[in-house]
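Comments concern the structure below.
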Amino acid sequence: MLGLLAQAASDFSGLETIGKGLIIGLAAIGPGIGLGILIGKSVEAMARQPEYANQVRTTMFIGIGLIEALALFGIAFSFII
């Protein structure tokens, strides 16, 4: 029993790899959902008010940059682990 516990405690490389994969995967889900909502609503706004398309597009690209930064933070955190 103690030998099995010692073996499990000394081999954390597999758990570390699983943790990194979970961080990257979960960090990609949030921005993916956010980008889908942002772009969908922006296209809807441009279709309803074509005269404000340039202003909506500019705001959309600023939002895309901020959302993508969240995914990059997740990747950076996975390298820290």
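Chain labels follow the order of the structure tokens: the first chain is A, the next B, and so on; residue numbering restarts at 1 in every chain, and ligands are counted from 1 in their shown order.
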Practice task
Just the residues within 12 Å of segment 25-27 of chain A, please, counting only C-alpha atoms, with nothing from its chain fewer than 4 positions along; format it as a list in words.
Solution key: Ile18, Gly19, Lys20, Gly21, Pro31, Gly32, Ile33, Gly34, Ile67, Glu68, Ala69, Leu70, Ala71, Leu72, Phe73, Gly74, Ile75, Ala76, Phe77 and Ser78 of chain A
Export C-alpha atoms of the chosen residues as a PDB file, in the first residue's frame?
ATOM      1  CA  ILE A  18      -3.344  16.825 -18.136  1.00  0.00           C
ATOM      2  CA  GLY A  19      -3.499  20.126 -16.217  1.00  0.00           C
ATOM      3  CA  LYS A  20      -1.818  22.015 -19.035  1.00  0.00           C
ATOM      4  CA  GLY A  21      -4.222  20.536 -21.560  1.00  0.00           C
ATOM      5  CA  PRO A  31     -13.033  33.367 -25.981  1.00  0.00           C
ATOM      6  CA  GLY A  32     -14.632  31.123 -28.612  1.00  0.00           C
ATOM      7  CA  ILE A  33     -18.074  31.738 -27.156  1.00  0.00           C
ATOM      8  CA  GLY A  34     -17.306  35.430 -26.700  1.00  0.00           C
ATOM      9  CA  ILE A  67     -11.209  38.671 -26.103  1.00  0.00           C
ATOM     10  CA  GLU A  68      -8.185  37.124 -27.815  1.00  0.00           C
ATOM     11  CA  ALA A  69      -5.996  38.427 -24.987  1.00  0.00           C
ATOM     12  CA  LEU A  70      -7.900  36.104 -22.623  1.00  0.00           C
ATOM     13  CA  ALA A  71      -6.925  33.079 -24.700  1.00  0.00           C
ATOM     14  CA  LEU A  72      -3.289  34.190 -24.706  1.00  0.00           C
ATOM     15  CA  PHE A  73      -3.378  34.536 -20.913  1.00  0.00           C
ATOM     16  CA  GLY A  74      -4.590  30.946 -20.675  1.00  0.00           C
ATOM     17  CA  ILE A  75      -1.748  29.715 -22.858  1.00  0.00           C
ATOM     18  CA  ALA A  76       0.763  31.703 -20.801  1.00  0.00           C
ATOM     19  CA  PHE A  77      -0.617  30.221 -17.566  1.00  0.00           C
ATOM     20  CA  SER A  78      -0.261  26.722 -18.979  1.00  0.00           C
TER      21      SER A  78
END
Practice task
Quick one: everything within 12 Å of Phe61 of chain A, counting only C-alpha atoms, minus sequence neighbours fewer than 6 positions away in the same chain. Send it as a PyMOL selection string.
Solution key: chain A and resi 35+38-39+42+54-55+67-68
Handout entry: For Ile81 of chain A, the nearest of the candidates A:Thr58, A:Gly63, A:Glu44, A:Leu22, counting only C-alpha atoms
Key = A:Leu22
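Counting from atom CA of Ile64 of chain A, the distance to atom CA of Ala28 of chain A is 13.6 Å.
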